[in-house]
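Please read the structure below before turning to the comments.
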Amino acid sequence: MNHMTRVKASSCALAAALLVGITAPAVSAHGAPSHAGRESHARIPFTQAEVTAQDDGSYTVEWKAPGIRHVAIKANGRTVASGGSTGKVTVRGLRAADRQWFDLVPERGGSLHLADRLIKLEGSVNFRDAGGYRTTDGHWVKMGEVYRSDALDKLTDGDLAKLRRLSIHTVYDLRMESERAAGADRVPAGATHVVADVLAGSSSMTTMPTTPEEGVAMMVEGEKFMVSGDTAKTAYRTVFGGIADDSSRAVVFHCTAGKDRTGWANAALLTALGVPRSTVMEDYLASNDYRAEANAAALASMPAEQAAVYKPLMDVRPEYLNSGYDEVAKKFGSFGAYERRALSLDAKDIRDLKRDLLVG
C-alpha cells in the first residue's frame with residue numbers, strides 16, 4: 001500500500017527487524033456483534049462457507065451444507081441469491097457499506113452471518129477479522145468480536161471513523177517501546193489502548209542475519225520465544241484476559257506487520273477455540289497474500305543480495321508457526337498445559353471463551 005512504497009534501502013534493516021517483531025483469502029461467520037454469549041444453539045449444517053469481496057464491488061458467496069436441499073442468501077434484509085447443498089454465487093448491486101454482511105440461511109439448522117474477512121483501510125494492509133472459521137466439532141468462530149492487524153500508526157481519520165462504527169473498544173499493542181515511539185497508534189475515539197509488549201526490551205534477537213539461512217533461523221527462534229519467553233507470556237496473558245472480557249470487545253491486537261507476534265496470538269486463540277490446525281495455518285499464511293504488495297515494494301528497494309537475506313523476515317512460513325507448536329509441546333507438554341501455565345486460562349475460562357465466541 002502507499003505508505004510502504006517509499007521504503008528506503010538505508011532503513012531496510014530497521015524496517016525488517018520491526019516487521020519480524022522478534023524480535024486473501026476471506027472467510028467469515030458470526031452475527032452482528034453481540035456480547036451476550038452464544039447466539040444460536042441450533043446445529044449449523046455448513047461445513048464450508050466463504051465470502052470474498054471483488055474489486056468491482058461484487059461479492060462471491062460459496063458454501064457447502066451436506067444434506068441441505070435449499071440455502072437462501074440474504075443481504076440487508078432481503079434474499080439476493082439461493083442454491084442447494086453446494087453453491088457459489090456472485091452478488092452485485094448492493095449499497096456501499098463499511099462491511100457487507102450476508103446471512104446464509106439453510107432450510108433447517110442454524111444460519112451463518114458472513115462477511116469478507118479483510119477490513120479495507122487506507123493506512124493498513126493486514127487488518128482482518130480473527131473469526132469466521134469452523135471448529136472440529138462443527139461450531140463457527142464469530143466475526144466482529146476479535147480482529148488482528150498490522151501497525152495502526154498510519155490510519156487516516158476515515159479509517160478511525162470506520163473502526164469506531166465497527167465498535168472497536170480495545171486495542172492491544174504488541175510492539176516494542178522503540179516501535180511505539182517511532183509510530184504511536186491511532187485508535188478510534190472511545191477505544192482503550194493497552195500496551196502488551198511481547199518483547200519488552202528483550203535483546204535476544206537484536207543481531208540481524210547476514211544470510212537467508214540465518215534469517216530463517218531467526219524467525220524460528222523468534223516464534224519459540226513468543227511461546228515460552230517470559231515477556232511474551234505476560235503480554236499474551238493480557239491479550240487473552242481482554243478477549244475474555246465481554247466489555248472489552250470488539251478488540252484488535254496488532255504488531256508492526258501483523259504477522260509474527262500477531263500471528264501467534266491468533267493461532268493460539270483459534271487453537272483454544274477448537275479450530276483445526278490446518279485451518280489455523282491457512283489463516284497464519286494469509287499474511288503473505290495481504291502483505292504481498294508492501295513486501296514486494298520493500299524488497300525491490302534493496303540490493304538483490306540484501307533482499308535475499310531479508311525476505312525470510314518478511315515472510316510467514318509453515319516452519320515458523322510449526323516451531324511455535326513444537327515449543328508448546330517441548331516446554332508445556334500439551335496445548336492445554338500452555339493455556340493454563342502461560343496464558344492463565346483454566347478449563348472454565350476456555351468454556352466461557354467458547355460460549356462467547358462460537359456459534360452453532
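Ordering of the C-alpha cells sets the chain letters (A, B, ...); residue numbers start at 1 within each chain; ligands are numbered from 1 in the order shown.
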Long-range neighbours of Arg78 of chain A as a list in words, 10 Å cut-off, only C-alpha atoms, 6 positions minimum in chain: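 In the requested form, the answer reads Ala72, Phe102 and Asp103 of chain A.
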Take the residues from that selection and put them in a file with N, CA, C and O atoms, as a PDB file, in the first residue's frame.
```
ATOM      1  N   ALA A  72     -30.841 -20.062   1.328  1.00  0.00           N
ATOM      2  CA  ALA A  72     -31.123 -18.695   0.885  1.00  0.00           C
ATOM      3  C   ALA A  72     -29.975 -17.789   1.319  1.00  0.00           C
ATOM      4  O   ALA A  72     -29.483 -17.882   2.445  1.00  0.00           O
ATOM      5  N   PHE A 102     -23.612 -11.064   4.921  1.00  0.00           N
ATOM      6  CA  PHE A 102     -24.549 -11.968   4.273  1.00  0.00           C
ATOM      7  C   PHE A 102     -25.021 -13.008   5.279  1.00  0.00           C
ATOM      8  O   PHE A 102     -24.226 -13.509   6.082  1.00  0.00           O
ATOM      9  N   ASP A 103     -26.307 -13.325   5.221  1.00  0.00           N
ATOM     10  CA  ASP A 103     -26.861 -14.421   6.003  1.00  0.00           C
ATOM     11  C   ASP A 103     -27.062 -15.620   5.091  1.00  0.00           C
ATOM     12  O   ASP A 103     -27.766 -15.517   4.070  1.00  0.00           O
TER      13      ASP A 103
END
```
- request: Taking the chain letters and numbering used in this document, name the residues of segment 22-259 of chain A that DSSP puts in helix (DSSP H, G or I), as a PyMOL selection string.
  value: chain A and resi 157-165+177-182+212-228+230-244+246-248
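Between Asp197 of chain A and the candidates A:Ile119, A:Ala217, A:Val171, A:Met176, the tightest atom-to-atom separation, counting only C-alpha atoms, involves A:Met176.
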Strand (DSSP E) per DSSP on the backbone: members of segment 105-205 of chain A, as a PyMOL selection string: chain A and resi 105-106+112-115+128-129+140-141+146-149+170-173+192-195
Per residue of segment 203-311 of chain A within 7 Å of segment 134-138 of chain A, note the shortest atom pair and the distance in Å to one decimal, counting only C-alpha atoms, and order the rows by chain and increasing residue number, as JSON lines.
```
{"residue": "A:Gly274", "atom": "CA", "partner": "A:Thr135", "partner_atom": "CA", "distance": 5.1}
{"residue": "A:Val275", "atom": "CA", "partner": "A:Thr135", "partner_atom": "CA", "distance": 4.1}
{"residue": "A:Pro276", "atom": "CA", "partner": "A:Thr136", "partner_atom": "CA", "distance": 5.9}
```
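Distance check against Pro188 of chain A using only C-alpha atoms: of A:Leu121, A:Met281, A:Leu166, A:Leu160, the minimum falls on A:Leu160.
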task: Rounded to one decimal place, report the atom CA of Tyr310 of chain A-atom CA of Asn288 of chain A distance in Å.
output: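 Separation of atom CA of Tyr310 of chain A and atom CA of Asn288 of chain A: 14.3 Å.
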Would you kindly return, as an mmCIF file with all heavy atoms, in the first residue's frame, each protein, DNA or RNA residue with an atom no farther than 10 Å from any atom of segment 79-83 of chain A, considering only C-alpha atoms and excluding same-chain residues fewer than 2 positions away?
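Done, and the output landed in part31.cif:
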```cif
data_model
loop_
_atom_site.group_PDB
_atom_site.id
_atom_site.type_symbol
_atom_site.label_atom_id
_atom_site.label_comp_id
_atom_site.auth_asym_id
_atom_site.auth_seq_id
_atom_site.Cartn_x
_atom_site.Cartn_y
_atom_site.Cartn_z
ATOM 1 N N VAL A 61 -20.114 -15.563 -2.913
ATOM 2 C CA VAL A 61 -20.509 -16.329 -1.734
ATOM 3 C C VAL A 61 -20.483 -17.809 -2.106
ATOM 4 O O VAL A 61 -21.124 -18.221 -3.076
ATOM 5 C CB VAL A 61 -21.920 -15.937 -1.251
ATOM 6 C CG1 VAL A 61 -22.268 -16.681 0.034
ATOM 7 C CG2 VAL A 61 -22.027 -14.425 -1.049
ATOM 8 N N GLU A 62 -19.723 -18.594 -1.342
ATOM 9 C CA GLU A 62 -19.609 -20.027 -1.579
ATOM 10 C C GLU A 62 -19.955 -20.784 -0.304
ATOM 11 O O GLU A 62 -19.706 -20.298 0.800
ATOM 12 C CB GLU A 62 -18.195 -20.396 -2.007
ATOM 13 C CG GLU A 62 -17.722 -19.755 -3.294
ATOM 14 C CD GLU A 62 -16.311 -20.191 -3.660
ATOM 15 O OE1 GLU A 62 -16.120 -21.374 -3.993
ATOM 16 O OE2 GLU A 62 -15.406 -19.338 -3.582
ATOM 17 N N TRP A 63 -20.495 -21.994 -0.460
ATOM 18 C CA TRP A 63 -20.843 -22.777 0.724
ATOM 19 C C TRP A 63 -20.975 -24.252 0.390
ATOM 20 O O TRP A 63 -21.137 -24.627 -0.771
ATOM 21 C CB TRP A 63 -22.158 -22.282 1.330
ATOM 22 C CG TRP A 63 -23.367 -22.590 0.479
ATOM 23 C CD1 TRP A 63 -24.157 -23.703 0.508
ATOM 24 C CD2 TRP A 63 -23.904 -21.751 -0.555
ATOM 25 N NE1 TRP A 63 -25.156 -23.629 -0.424
ATOM 26 C CE2 TRP A 63 -25.023 -22.429 -1.098
ATOM 27 C CE3 TRP A 63 -23.560 -20.501 -1.071
ATOM 28 C CZ2 TRP A 63 -25.790 -21.897 -2.125
ATOM 29 C CZ3 TRP A 63 -24.323 -19.980 -2.096
ATOM 30 C CH2 TRP A 63 -25.425 -20.669 -2.608
ATOM 31 N N ILE A 68 -28.492 -30.627 2.939
ATOM 32 C CA ILE A 68 -29.432 -29.498 2.871
ATOM 33 C C ILE A 68 -29.814 -29.271 1.403
ATOM 34 O O ILE A 68 -28.955 -29.168 0.529
ATOM 35 C CB ILE A 68 -28.797 -28.225 3.465
ATOM 36 C CG1 ILE A 68 -28.477 -28.443 4.942
ATOM 37 C CG2 ILE A 68 -29.726 -27.036 3.284
ATOM 38 C CD1 ILE A 68 -29.676 -28.713 5.821
ATOM 39 N N ARG A 69 -31.109 -29.176 1.143
ATOM 40 C CA ARG A 69 -31.569 -29.016 -0.234
ATOM 41 C C ARG A 69 -31.667 -27.563 -0.679
ATOM 42 O O ARG A 69 -31.595 -27.276 -1.874
ATOM 43 C CB ARG A 69 -32.934 -29.690 -0.397
ATOM 44 C CG ARG A 69 -32.903 -31.212 -0.279
ATOM 45 C CD ARG A 69 -34.292 -31.793 -0.391
ATOM 46 N NE ARG A 69 -35.164 -31.310 0.701
ATOM 47 C CZ ARG A 69 -36.455 -31.626 0.795
ATOM 48 N NH1 ARG A 69 -37.023 -32.384 -0.122
ATOM 49 N NH2 ARG A 69 -37.177 -31.173 1.816
ATOM 50 N N HIS A 70 -31.861 -26.646 0.275
ATOM 51 C CA HIS A 70 -32.060 -25.254 -0.124
ATOM 52 C C HIS A 70 -31.382 -24.319 0.873
ATOM 53 O O HIS A 70 -31.543 -24.464 2.086
ATOM 54 C CB HIS A 70 -33.553 -24.914 -0.199
ATOM 55 C CG HIS A 70 -33.820 -23.523 -0.680
ATOM 56 N ND1 HIS A 70 -33.980 -22.450 0.187
ATOM 57 C CD2 HIS A 70 -33.931 -23.003 -1.937
ATOM 58 C CE1 HIS A 70 -34.190 -21.352 -0.514
ATOM 59 N NE2 HIS A 70 -34.165 -21.654 -1.800
ATOM 60 N N VAL A 71 -30.641 -23.357 0.323
ATOM 61 C CA VAL A 71 -29.985 -22.320 1.117
ATOM 62 C C VAL A 71 -30.336 -20.971 0.507
ATOM 63 O O VAL A 71 -30.177 -20.760 -0.705
ATOM 64 C CB VAL A 71 -28.454 -22.502 1.138
ATOM 65 C CG1 VAL A 71 -27.781 -21.315 1.834
ATOM 66 C CG2 VAL A 71 -28.075 -23.812 1.816
ATOM 67 N N ALA A 72 -30.841 -20.062 1.328
ATOM 68 C CA ALA A 72 -31.123 -18.695 0.885
ATOM 69 C C ALA A 72 -29.975 -17.789 1.319
ATOM 70 O O ALA A 72 -29.483 -17.882 2.445
ATOM 71 C CB ALA A 72 -32.434 -18.200 1.487
ATOM 72 N N ILE A 73 -29.552 -16.915 0.423
ATOM 73 C CA ILE A 73 -28.504 -15.932 0.715
ATOM 74 C C ILE A 73 -29.173 -14.577 0.864
ATOM 75 O O ILE A 73 -29.802 -14.070 -0.084
ATOM 76 C CB ILE A 73 -27.453 -15.870 -0.410
ATOM 77 C CG1 ILE A 73 -26.952 -17.272 -0.763
ATOM 78 C CG2 ILE A 73 -26.303 -14.957 0.001
ATOM 79 C CD1 ILE A 73 -26.321 -18.015 0.388
ATOM 80 N N LYS A 74 -29.068 -13.992 2.046
ATOM 81 C CA LYS A 74 -29.707 -12.712 2.311
ATOM 82 C C LYS A 74 -28.672 -11.634 2.593
ATOM 83 O O LYS A 74 -27.632 -11.886 3.194
ATOM 84 C CB LYS A 74 -30.662 -12.842 3.498
ATOM 85 C CG LYS A 74 -31.813 -13.813 3.246
ATOM 86 C CD LYS A 74 -32.799 -13.822 4.405
ATOM 87 C CE LYS A 74 -33.987 -14.735 4.094
ATOM 88 N NZ LYS A 74 -35.005 -14.700 5.168
ATOM 89 N N ALA A 75 -28.992 -10.428 2.167
ATOM 90 C CA ALA A 75 -28.163 -9.255 2.440
ATOM 91 C C ALA A 75 -29.078 -8.066 2.664
ATOM 92 O O ALA A 75 -30.039 -7.870 1.908
ATOM 93 C CB ALA A 75 -27.215 -8.979 1.285
ATOM 94 N N ASN A 76 -28.832 -7.323 3.702
ATOM 95 C CA ASN A 76 -29.623 -6.127 4.013
ATOM 96 C C ASN A 76 -31.113 -6.442 4.114
ATOM 97 O O ASN A 76 -31.972 -5.659 3.705
ATOM 98 C CB ASN A 76 -29.386 -5.046 2.961
ATOM 99 C CG ASN A 76 -27.923 -4.723 2.766
ATOM 100 O OD1 ASN A 76 -27.152 -4.708 3.733
ATOM 101 N ND2 ASN A 76 -27.510 -4.483 1.530
ATOM 102 N N GLY A 77 -31.414 -7.627 4.658
ATOM 103 C CA GLY A 77 -32.793 -7.982 4.930
ATOM 104 C C GLY A 77 -33.575 -8.576 3.775
ATOM 105 O O GLY A 77 -34.759 -8.880 3.920
ATOM 106 N N SER A 85 -27.258 -27.673 -1.705
ATOM 107 C CA SER A 85 -26.312 -28.053 -0.653
ATOM 108 C C SER A 85 -24.920 -27.500 -0.904
ATOM 109 O O SER A 85 -24.161 -27.251 0.031
ATOM 110 C CB SER A 85 -26.261 -29.574 -0.522
ATOM 111 O OG SER A 85 -25.768 -30.158 -1.713
ATOM 112 N N THR A 86 -24.596 -27.310 -2.173
ATOM 113 C CA THR A 86 -23.313 -26.712 -2.548
ATOM 114 C C THR A 86 -23.596 -25.571 -3.505
ATOM 115 O O THR A 86 -24.402 -25.706 -4.423
ATOM 116 C CB THR A 86 -22.399 -27.742 -3.237
ATOM 117 O OG1 THR A 86 -22.141 -28.807 -2.328
ATOM 118 C CG2 THR A 86 -21.076 -27.116 -3.637
ATOM 119 N N GLY A 87 -22.969 -24.441 -3.271
ATOM 120 C CA GLY A 87 -23.258 -23.315 -4.146
ATOM 121 C C GLY A 87 -22.142 -22.303 -4.219
ATOM 122 O O GLY A 87 -21.284 -22.215 -3.343
ATOM 123 N N LYS A 88 -22.152 -21.533 -5.287
ATOM 124 C CA LYS A 88 -21.254 -20.397 -5.479
ATOM 125 C C LYS A 88 -22.000 -19.363 -6.298
ATOM 126 O O LYS A 88 -22.397 -19.634 -7.443
ATOM 127 C CB LYS A 88 -19.970 -20.814 -6.191
ATOM 128 C CG LYS A 88 -18.992 -19.666 -6.416
ATOM 129 C CD LYS A 88 -17.712 -20.157 -7.084
ATOM 130 C CE LYS A 88 -16.727 -19.016 -7.298
ATOM 131 N NZ LYS A 88 -15.452 -19.487 -7.931
ATOM 132 N N VAL A 89 -22.232 -18.205 -5.722
ATOM 133 C CA VAL A 89 -22.992 -17.166 -6.403
ATOM 134 C C VAL A 89 -22.230 -15.849 -6.345
ATOM 135 O O VAL A 89 -21.404 -15.629 -5.447
ATOM 136 C CB VAL A 89 -24.394 -16.979 -5.778
ATOM 137 C CG1 VAL A 89 -25.199 -18.255 -5.889
ATOM 138 C CG2 VAL A 89 -24.289 -16.541 -4.314
ATOM 139 N N THR A 90 -22.505 -14.988 -7.296
ATOM 140 C CA THR A 90 -21.950 -13.634 -7.311
ATOM 141 C C THR A 90 -23.094 -12.653 -7.098
ATOM 142 O O THR A 90 -24.113 -12.720 -7.801
ATOM 143 C CB THR A 90 -21.237 -13.336 -8.638
ATOM 144 O OG1 THR A 90 -20.150 -14.251 -8.804
ATOM 145 C CG2 THR A 90 -20.692 -11.914 -8.644
ATOM 146 N N VAL A 91 -22.920 -11.764 -6.139
ATOM 147 C CA VAL A 91 -23.957 -10.793 -5.791
ATOM 148 C C VAL A 91 -23.464 -9.396 -6.163
ATOM 149 O O VAL A 91 -22.374 -8.987 -5.756
ATOM 150 C CB VAL A 91 -24.299 -10.858 -4.286
ATOM 151 C CG1 VAL A 91 -25.386 -9.842 -3.942
ATOM 152 C CG2 VAL A 91 -24.739 -12.263 -3.895
ATOM 153 N N ARG A 92 -24.277 -8.687 -6.921
ATOM 154 C CA ARG A 92 -23.915 -7.334 -7.368
ATOM 155 C C ARG A 92 -24.999 -6.341 -6.965
ATOM 156 O O ARG A 92 -26.114 -6.721 -6.624
ATOM 157 C CB ARG A 92 -23.743 -7.297 -8.889
ATOM 158 C CG ARG A 92 -22.593 -8.140 -9.418
ATOM 159 C CD ARG A 92 -22.469 -8.006 -10.940
ATOM 160 N NE ARG A 92 -21.266 -8.659 -11.435
ATOM 161 C CZ ARG A 92 -21.210 -9.931 -11.775
ATOM 162 N NH1 ARG A 92 -22.315 -10.692 -11.665
ATOM 163 N NH2 ARG A 92 -20.081 -10.452 -12.215
ATOM 164 N N GLY A 93 -24.643 -5.071 -7.036
ATOM 165 C CA GLY A 93 -25.632 -4.020 -6.875
ATOM 166 C C GLY A 93 -25.999 -3.685 -5.447
ATOM 167 O O GLY A 93 -26.993 -2.982 -5.229
ATOM 168 N N LEU A 94 -25.224 -4.136 -4.465
ATOM 169 C CA LEU A 94 -25.517 -3.798 -3.074
ATOM 170 C C LEU A 94 -25.001 -2.401 -2.762
ATOM 171 O O LEU A 94 -23.994 -1.959 -3.308
ATOM 172 C CB LEU A 94 -24.882 -4.820 -2.137
ATOM 173 C CG LEU A 94 -25.363 -6.268 -2.288
ATOM 174 C CD1 LEU A 94 -24.588 -7.187 -1.361
ATOM 175 C CD2 LEU A 94 -26.867 -6.370 -2.021
ATOM 176 N N PHE A 102 -23.612 -11.064 4.921
ATOM 177 C CA PHE A 102 -24.549 -11.968 4.273
ATOM 178 C C PHE A 102 -25.021 -13.008 5.279
ATOM 179 O O PHE A 102 -24.226 -13.509 6.082
ATOM 180 C CB PHE A 102 -23.881 -12.692 3.095
ATOM 181 C CG PHE A 102 -23.504 -11.793 1.960
ATOM 182 C CD1 PHE A 102 -22.295 -11.105 1.981
ATOM 183 C CD2 PHE A 102 -24.352 -11.611 0.888
ATOM 184 C CE1 PHE A 102 -21.943 -10.256 0.949
ATOM 185 C CE2 PHE A 102 -24.007 -10.761 -0.159
ATOM 186 C CZ PHE A 102 -22.802 -10.083 -0.130
ATOM 187 N N ASP A 103 -26.307 -13.325 5.221
ATOM 188 C CA ASP A 103 -26.861 -14.421 6.003
ATOM 189 C C ASP A 103 -27.062 -15.620 5.091
ATOM 190 O O ASP A 103 -27.766 -15.517 4.070
ATOM 191 C CB ASP A 103 -28.198 -14.024 6.631
ATOM 192 C CG ASP A 103 -28.025 -13.005 7.732
ATOM 193 O OD1 ASP A 103 -27.406 -13.349 8.745
ATOM 194 O OD2 ASP A 103 -28.492 -11.864 7.561
ATOM 195 N N LEU A 104 -26.446 -16.730 5.439
ATOM 196 C CA LEU A 104 -26.664 -17.988 4.745
ATOM 197 C C LEU A 104 -27.677 -18.774 5.562
ATOM 198 O O LEU A 104 -27.360 -19.237 6.664
ATOM 199 C CB LEU A 104 -25.366 -18.774 4.586
ATOM 200 C CG LEU A 104 -24.479 -18.401 3.382
ATOM 201 C CD1 LEU A 104 -23.966 -16.974 3.523
ATOM 202 C CD2 LEU A 104 -23.309 -19.371 3.245
ATOM 203 N N VAL A 105 -28.885 -18.904 5.035
ATOM 204 C CA VAL A 105 -29.995 -19.467 5.789
ATOM 205 C C VAL A 105 -30.392 -20.813 5.179
ATOM 206 O O VAL A 105 -30.946 -20.864 4.068
ATOM 207 C CB VAL A 105 -31.207 -18.514 5.790
ATOM 208 C CG1 VAL A 105 -32.325 -19.086 6.660
ATOM 209 C CG2 VAL A 105 -30.787 -17.122 6.270
ATOM 210 N N PRO A 106 -30.128 -21.927 5.893
ATOM 211 C CA PRO A 106 -30.497 -23.239 5.364
ATOM 212 C C PRO A 106 -31.963 -23.551 5.651
ATOM 213 O O PRO A 106 -32.591 -22.894 6.488
ATOM 214 C CB PRO A 106 -29.576 -24.180 6.144
ATOM 215 C CG PRO A 106 -29.425 -23.508 7.476
ATOM 216 C CD PRO A 106 -29.437 -22.017 7.195
#
```
Produce a table with one row for each residue of segment 265-296 of chain A that has an atom at most 12 Å from any atom of segment 221-244 of chain A, each row naming the nearest atom pair and its distance in Å at one decimal; use only C-alpha atoms; arrange rows by chain and rising residue number; format as CSV.
```
residue,atom,partner,partner_atom,distance
A:Ala265,CA,A:Tyr236,CA,6.9
A:Asn266,CA,A:Phe240,CA,10.2
A:Ala267,CA,A:Val227,CA,11.1
A:Ala268,CA,A:Tyr236,CA,9.3
A:Leu269,CA,A:Phe240,CA,8.0
A:Leu270,CA,A:Phe240,CA,11.7
A:Ala272,CA,A:Phe240,CA,10.6
A:Leu273,CA,A:Ala244,CA,12.0
```
- request: For each of A:Leu299, A:Leu199, A:Val280, A:Leu163, take the minimum atom-to-atom distance to Ser178 of chain A, counting only C-alpha atoms, then give the residue where this is smallest.
  value: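 Ranking A:Leu299, A:Leu199, A:Val280, A:Leu163 by distance to Ser178 of chain A, first place goes to A:Leu199.
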message: Set the distance at 10 Å and use only C-alpha atoms: which residues neighbour Tyr284 of chain A once local chain neighbours fewer than 3 positions away are removed? I'd like the list as a list of chain:residue names.
response: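 Contacts, with the query itself left out: A:Gly258, A:Lys259, A:Asp260, A:Thr262, A:Gly263, A:Trp264, A:Asn266, A:Ala267, A:Ser278, A:Thr279, A:Val280, A:Met281, A:Ser287, A:Asn288, A:Val316, A:Arg317, A:Pro318, A:Tyr320, A:Leu321.
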Need to verify the contact set: Arg165 of chain A, 12 Å, only C-alpha atoms, exclusion of same-chain residues closer than 2 positions in sequence. Can you return it as a JSON list (two decimals) with N, CA, C and O atoms, in the first residue's frame?
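As a result, result.json now contains:
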```
[["chain", "number", "residue", "atom", "x", "y", "z"],
["A", 33, "PRO", "N", -22.20, -7.97, 15.75],
["A", 33, "PRO", "CA", -21.55, -8.05, 17.05],
["A", 33, "PRO", "C", -22.52, -8.11, 18.21],
["A", 33, "PRO", "O", -23.38, -7.27, 18.38],
["A", 97, "ALA", "N", -21.10, -0.06, 1.94],
["A", 97, "ALA", "CA", -21.15, -0.24, 3.40],
["A", 97, "ALA", "C", -19.74, -0.42, 3.92],
["A", 97, "ALA", "O", -18.83, -0.82, 3.17],
["A", 98, "ASP", "N", -19.54, -0.07, 5.19],
["A", 98, "ASP", "CA", -18.23, -0.31, 5.81],
["A", 98, "ASP", "C", -17.86, -1.79, 5.69],
["A", 98, "ASP", "O", -16.71, -2.14, 5.46],
["A", 99, "ARG", "N", -18.87, -2.63, 5.85],
["A", 99, "ARG", "CA", -18.66, -4.06, 5.78],
["A", 99, "ARG", "C", -19.97, -4.70, 5.36],
["A", 99, "ARG", "O", -20.99, -4.51, 6.02],
["A", 144, "GLY", "N", -16.57, -10.15, 13.98],
["A", 144, "GLY", "CA", -16.96, -8.87, 14.54],
["A", 144, "GLY", "C", -16.63, -8.72, 16.01],
["A", 144, "GLY", "O", -17.01, -7.72, 16.62],
["A", 158, "GLY", "N", -10.59, 8.79, 8.24],
["A", 158, "GLY", "CA", -11.65, 7.95, 7.72],
["A", 158, "GLY", "C", -11.57, 6.52, 8.24],
["A", 158, "GLY", "O", -12.59, 5.89, 8.55],
["A", 159, "ASP", "N", -10.33, 6.01, 8.34],
["A", 159, "ASP", "CA", -10.12, 4.68, 8.91],
["A", 159, "ASP", "C", -10.62, 4.63, 10.35],
["A", 159, "ASP", "O", -11.30, 3.67, 10.77],
["A", 160, "LEU", "N", -10.27, 5.64, 11.12],
["A", 160, "LEU", "CA", -10.67, 5.67, 12.53],
["A", 160, "LEU", "C", -12.18, 5.72, 12.67],
["A", 160, "LEU", "O", -12.76, 5.07, 13.55],
["A", 161, "ALA", "N", -12.83, 6.48, 11.80],
["A", 161, "ALA", "CA", -14.29, 6.56, 11.85],
["A", 161, "ALA", "C", -14.90, 5.20, 11.53],
["A", 161, "ALA", "O", -15.88, 4.77, 12.15],
["A", 162, "LYS", "N", -14.32, 4.49, 10.55],
["A", 162, "LYS", "CA", -14.82, 3.17, 10.21],
["A", 162, "LYS", "C", -14.66, 2.20, 11.38],
["A", 162, "LYS", "O", -15.58, 1.44, 11.71],
["A", 163, "LEU", "N", -13.49, 2.23, 12.02],
["A", 163, "LEU", "CA", -13.26, 1.32, 13.14],
["A", 163, "LEU", "C", -14.19, 1.64, 14.32],
["A", 163, "LEU", "O", -14.62, 0.74, 15.04],
["A", 167, "SER", "N", -17.25, -0.77, 16.16],
["A", 167, "SER", "CA", -17.30, -0.99, 17.61],
["A", 167, "SER", "C", -16.00, -1.53, 18.19],
["A", 167, "SER", "O", -16.02, -2.39, 19.08],
["A", 168, "ILE", "N", -14.87, -1.02, 17.69],
["A", 168, "ILE", "CA", -13.58, -1.39, 18.28],
["A", 168, "ILE", "C", -13.48, -0.69, 19.64],
["A", 168, "ILE", "O", -13.43, 0.54, 19.72],
["A", 169, "HIS", "N", -13.43, -1.48, 20.71],
["A", 169, "HIS", "CA", -13.40, -0.93, 22.06],
["A", 169, "HIS", "C", -12.00, -0.94, 22.67],
["A", 169, "HIS", "O", -11.67, -0.09, 23.49],
["A", 188, "PRO", "N", -9.47, 4.50, 17.43],
["A", 188, "PRO", "CA", -10.76, 5.17, 17.29],
["A", 188, "PRO", "C", -11.21, 5.84, 18.58],
["A", 188, "PRO", "O", -10.84, 5.39, 19.68],
["A", 189, "ALA", "N", -11.97, 6.88, 18.45],
["A", 189, "ALA", "CA", -12.47, 7.62, 19.62],
["A", 189, "ALA", "C", -13.20, 6.67, 20.56],
["A", 189, "ALA", "O", -14.03, 5.86, 20.13],
["A", 190, "GLY", "N", -12.87, 6.79, 21.84],
["A", 190, "GLY", "CA", -13.53, 5.98, 22.85],
["A", 190, "GLY", "C", -12.88, 4.63, 23.10],
["A", 190, "GLY", "O", -13.22, 3.95, 24.08],
["A", 191, "ALA", "N", -11.94, 4.23, 22.25],
["A", 191, "ALA", "CA", -11.28, 2.93, 22.43],
["A", 191, "ALA", "C", -10.15, 3.05, 23.46],
["A", 191, "ALA", "O", -9.51, 4.09, 23.60],
["A", 250, "ALA", "N", -15.51, -5.12, 20.83],
["A", 250, "ALA", "CA", -14.59, -5.80, 19.96],
["A", 250, "ALA", "C", -13.16, -5.33, 20.24],
["A", 250, "ALA", "O", -12.92, -4.17, 20.56]]
```
